[in-house]
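Enquirer: Here you go, one structure.
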Amino acid sequence: MTVLVIGAGAAGLIAAGTAAKKTDKVVLVEKNDVIGKKLRITGKGRCNITNSADIEDLIASYPGNAKFLYSALYTFTNYDIIDLIEENGVKTKVERGGRVFPVSDRAQDVVKALGKYALKENVSLKHANVKSLMIKDGRVSGVKTDRGDIYADAVIVCTGGKSYPGTGSTGDGYKFAAQAGHTIIEPKASLIPVITEEKWVKDIMGLSLRNIRITAYNEKNKKVYSDFGEMLFTHFGISGPVVLSMSAYLRNIGKEKYRIEIDLKSALDDEQLTARVIRDFEKYNKKHLINGLDDLLPKALIPVIIKLSGIDAHKAVNEITREERSTIVKLLKHFPLTAVGVRPVEEAIVTSGGVKVSEINPSTMESKLVKGLYFAGEVIDVDGYTGGFNLQAAFSTGYLAGDSAADSVSSYM
């Protein structure tokens with residue numbers, strides 16, 4: 001009996017290796033010439049494997065359909081994937097925010113470990129492009145590829161979403177699911193750079209800020225996100241780790257605008273920052289304001305702050321009033337931007353949307369519509385925040401799908 005897995009990414013490699021423990025034959029079909037193509041570039045080439053959070057905090061890190069993941073995350077936990085990676089030769093480490101990386105900081109080492117787990121003697125890797133599923137009498141019977149038909153008793157779709165299409169994630173899985181009668185929730189960008197209303201951002205594109213706190217408010221002035229980290233100005237708006245995390249919370253962006261505030265001096269409270277500005281102004285008291293903030297801010301940001309303050313850039317520092325100084329302090333603590341959109345879905349780290357979860361059995365990952373058809377990974381309408389949560393969802397659903405598919409073909413004999 002044969003289990004066929006479409007896609008040799010995070011979910012597919014785990015699914016294939018797991019199914020191979022319980023069934024005679026597994027066929028892993030990958031359209032790229034290498035396995036784990038997208039995995040190799042995740043985490044800037046370092047691969048944020050998972051997160052060390054406890055299971056309930058892990059579940060709380062999925063804004064989209066977290067309840068659907070209960071069985072998968074409890075069946076194959078974050079510590080299970082860490083053990084699996086280490087058992088296959090790659091040591092791991094935990095960094096800020098519970099992020100788990102390989103000690104080597106090399107994503108390709110993680111791909112090697114997963115490949116070692118997946119490509120057992122009874123697993124056949126075929127490089128082919130799947131065109132469609134073969135379904136007969138309400139049961140999947142294999143796939144049609146550009147290199148011929150492949151028959152199987154169970155098929156697991158692990159094709160990813162629509163992000164990073166250059167790695168092979170071109171939405172193929174949505175097509176297969178739709179062919180089987182599944183509802184596809186429109187794929188949208190999640191963990192994506194943000195477009196701002198302010199056009200002056202292009203004047204400081206490339207400027208990176210560390211140790212800032214960013215906070216987002218919706219149109220009802222409700223705080224929807226706040227976190228500490230790094231960000232980057234771009235020609236269209238803002239990006240960087242903390243911005244990508246924030247984007248997952250801006251669920252109505254495009255329909256509404258979000259007010260963004262950046263605390264440029266998060267280590268100082270208002271009183272401490274005021275004292276710091278006073279000291280700097282005393283030091284540069286004979287200079288113009290444009291030259292009086294050099295110790296406080298990156299050079300590229302100074303003209304922006306001054307313009308937003310409404311103070312003459314060439315006003316002598318010793319002539320700055322207390323009110324003007326307070327305006328500068330307020331800007332440093334509440335630097336304003338307006339988020340109006342996000343970049344195209346193809347630029348997203350992950351996509352939200354995909355196969356509707358109510359049409360998949362969460363205890364097995366099997367389709368409720370077609371027997372022997374399973375789904376795992378980003379093709380399902382589940383998405384998490386940054387920090388290793390999306391890869392964990394792929395690993396957990398991949399494991400559950402592989403295990404369940406192998407059990408089903410065994411009982412089908």
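Just so we're on the same page: first chain in the structure tokens is A, next is B, and so on; residues restart at 1 for each chain, and ligands are numbered from 1 in the order they show up.
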Skipping near chain neighbours, those fewer than 2 positions away, what residues fall within 8 Å of segment 180-197 of chain A using only C-alpha atoms, listed as a PyMOL selection string?
Expert: chain A and resi 133+135+161-163+174+176-178+199+236-240+243-248+337-356+359+369-370+381+383+385-386
Enquirer: Which of segment 139-334 of chain A counts as strand (DSSP E) under DSSP, as an MDAnalysis selection string please?
Expert: chainID A and resid 139:145 148:151 154:157 184:190 194:196 208:217 223:233 237:239 258:263
Enquirer: Give me the residues within 8 Å of segment 10-15 of chain A as a PyMOL selection string, counting only C-alpha atoms and dropping any in the same chain fewer than 3 places off.
Expert: chain A and resi 5-7+18-19+28+36+39+114-115+117-118+156-159+376-377+391+394-403
Enquirer: Filtering to N, CA, C and O atoms, could you give me those residues as a compact mmCIF listing (two decimals), in the first residue's frame?
Expert:
# COMPACT_ATOMS: atom_id res chain seq x y z
N VAL A 5 3.02 11.78 -0.99
CA VAL A 5 3.10 13.12 -0.39
C VAL A 5 3.48 14.10 -1.49
O VAL A 5 4.47 13.91 -2.19
N ILE A 6 2.69 15.16 -1.64
CA ILE A 6 3.00 16.20 -2.64
C ILE A 6 3.68 17.36 -1.93
O ILE A 6 3.08 18.05 -1.11
N GLY A 7 4.96 17.58 -2.23
CA GLY A 7 5.70 18.71 -1.67
C GLY A 7 6.70 18.28 -0.61
O GLY A 7 6.33 17.70 0.41
N THR A 18 7.23 10.11 8.61
CA THR A 18 6.33 9.52 9.60
C THR A 18 5.51 8.39 8.99
O THR A 18 5.36 7.32 9.60
N ALA A 19 5.00 8.62 7.79
CA ALA A 19 4.22 7.57 7.11
C ALA A 19 5.09 6.34 6.84
O ALA A 19 4.61 5.20 6.93
N LEU A 28 7.34 10.51 -2.42
CA LEU A 28 7.42 11.95 -2.13
C LEU A 28 7.67 12.66 -3.46
O LEU A 28 8.70 12.47 -4.10
N GLY A 36 13.15 20.98 0.35
CA GLY A 36 13.24 22.07 1.34
C GLY A 36 13.69 23.40 0.78
O GLY A 36 14.40 24.15 1.46
N LEU A 39 12.49 26.24 2.93
CA LEU A 39 13.11 26.11 4.26
C LEU A 39 14.52 26.69 4.28
O LEU A 39 14.97 27.23 5.28
N LEU A 114 16.02 16.93 8.20
CA LEU A 114 14.67 16.52 7.80
C LEU A 114 14.72 15.54 6.64
O LEU A 114 13.92 14.60 6.56
N GLY A 115 15.69 15.77 5.73
CA GLY A 115 15.87 14.84 4.62
C GLY A 115 16.28 13.46 5.10
O GLY A 115 15.81 12.43 4.60
N TYR A 117 15.53 12.18 7.98
CA TYR A 117 14.33 11.59 8.60
C TYR A 117 13.36 11.07 7.54
O TYR A 117 12.79 10.00 7.68
N ALA A 118 13.20 11.86 6.46
CA ALA A 118 12.18 11.55 5.46
C ALA A 118 12.58 10.46 4.48
O ALA A 118 11.79 9.58 4.14
N ILE A 156 -1.23 13.02 0.52
CA ILE A 156 -1.12 14.14 1.47
C ILE A 156 -0.64 15.37 0.71
O ILE A 156 0.45 15.36 0.11
N VAL A 157 -1.43 16.43 0.74
CA VAL A 157 -1.10 17.67 0.03
C VAL A 157 -0.33 18.59 0.97
O VAL A 157 -0.87 19.07 1.98
N CYS A 158 0.95 18.82 0.66
CA CYS A 158 1.84 19.66 1.50
C CYS A 158 2.53 20.69 0.60
O CYS A 158 3.76 20.80 0.61
N THR A 159 1.75 21.42 -0.16
CA THR A 159 2.31 22.27 -1.22
C THR A 159 2.59 23.70 -0.80
O THR A 159 3.04 24.51 -1.62
N ALA A 376 -1.69 19.18 4.93
CA ALA A 376 -0.78 19.57 6.02
C ALA A 376 -0.03 20.84 5.62
O ALA A 376 0.24 21.07 4.44
N GLY A 377 0.30 21.65 6.62
CA GLY A 377 1.11 22.84 6.38
C GLY A 377 0.31 24.06 5.96
O GLY A 377 -0.89 24.18 6.24
N LEU A 391 6.28 27.29 11.19
CA LEU A 391 6.97 26.02 10.90
C LEU A 391 6.47 24.92 11.83
O LEU A 391 6.31 23.78 11.42
N ALA A 394 3.37 23.50 10.52
CA ALA A 394 3.66 22.63 9.38
C ALA A 394 4.17 21.27 9.85
O ALA A 394 3.73 20.22 9.37
N PHE A 395 5.10 21.28 10.81
CA PHE A 395 5.64 20.02 11.33
C PHE A 395 4.55 19.18 12.00
O PHE A 395 4.46 17.97 11.79
N SER A 396 3.74 19.83 12.83
CA SER A 396 2.71 19.09 13.59
C SER A 396 1.63 18.52 12.69
O SER A 396 1.22 17.37 12.84
N THR A 397 1.14 19.33 11.75
CA THR A 397 0.10 18.82 10.84
C THR A 397 0.68 17.78 9.90
O THR A 397 0.01 16.81 9.54
N GLY A 398 1.95 17.97 9.50
CA GLY A 398 2.61 16.99 8.64
C GLY A 398 2.75 15.64 9.33
O GLY A 398 2.48 14.58 8.74
N TYR A 399 3.14 15.67 10.60
CA TYR A 399 3.28 14.43 11.37
C TYR A 399 1.94 13.73 11.50
O TYR A 399 1.83 12.51 11.26
N LEU A 400 0.91 14.49 11.88
CA LEU A 400 -0.42 13.90 12.10
C LEU A 400 -0.98 13.32 10.79
O LEU A 400 -1.55 12.23 10.78
N ALA A 401 -0.78 14.06 9.68
CA ALA A 401 -1.26 13.57 8.38
C ALA A 401 -0.52 12.31 7.97
O ALA A 401 -1.13 11.34 7.50
N GLY A 402 0.80 12.30 8.14
CA GLY A 402 1.59 11.12 7.77
C GLY A 402 1.22 9.90 8.58
O GLY A 402 1.06 8.79 8.04
N ASP A 403 1.07 10.09 9.87
CA ASP A 403 0.72 8.99 10.77
C ASP A 403 -0.68 8.46 10.46
O ASP A 403 -0.89 7.24 10.38
Enquirer: Rounded to one decimal, what separation in Å do you get between atom CA of Val317 of chain A and atom CA of Ile290 of chain A?
Expert: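 That distance, rounded to one decimal, is 8.9 Å.
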Enquirer: Considering only C-alpha atoms, can you say which of A:Ala20, A:Cys47, A:Leu297, A:Val357 comes closest to Lys265 of chain A?
Expert: A:Leu297
Enquirer: I'd like to know which of A:Asn122, A:Ser132, A:Asn218, A:Thr234 is closest to Asp172 of chain A, using only C-alpha atoms.
Expert: A:Ser132
Enquirer: Closest to Lys91 of chain A among A:Ile260, A:Tyr74, A:Val110, A:Tyr217, using only C-alpha atoms?
Expert: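 Of A:Ile260, A:Tyr74, A:Val110, A:Tyr217, the one nearest Lys91 of chain A is A:Val110, counting only C-alpha atoms.
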Enquirer: In Å, rounded to a single decimal, give me how far atom CA of Phe76 of chain A is from atom CA of Tyr151 of chain A.
Expert: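 Atom CA of Tyr151 of chain A sits 28.4 Å away from atom CA of Phe76 of chain A.
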Enquirer: So which residues of segment 170-357 of chain A fall under alpha helix (DSSP H) by DSSP, listed as a PyMOL selection string?
Expert: chain A and resi 172-179+241-247+270-283+302-309+322-333
Enquirer: Atom CA of Leu232 of chain A and atom CA of Val201 of chain A are how many Å apart?
Expert: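 One can read the atom CA of Leu232 of chain A to atom CA of Val201 of chain A distance as 10.1 Å.
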Enquirer: Fewer than 6 positions away in the same chain doesn't count, so skip those; otherwise give me all residues within 8 Å of Val3 of chain A, counting only C-alpha atoms, as a PyMOL selection string.
Expert: chain A and resi 19+23+25-27+152-156+405-406+409
Enquirer: Looking at A:Ala113, A:Val123, A:Leu209, A:Ala300, which one is nearest to Asp83 of chain A, with distances taken over only C-alpha atoms?
Expert: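 Once distances to Asp83 of chain A are computed over only C-alpha atoms, the minimum belongs to A:Ala113.
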Enquirer: Here is a test: counting only C-alpha atoms, which residue of A:Ile320, A:Val379, A:Val130, A:Ile49 is nearest to Leu84 of chain A?
Expert: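 That would be A:Ile49, the residue with the smallest distance to Leu84 of chain A.
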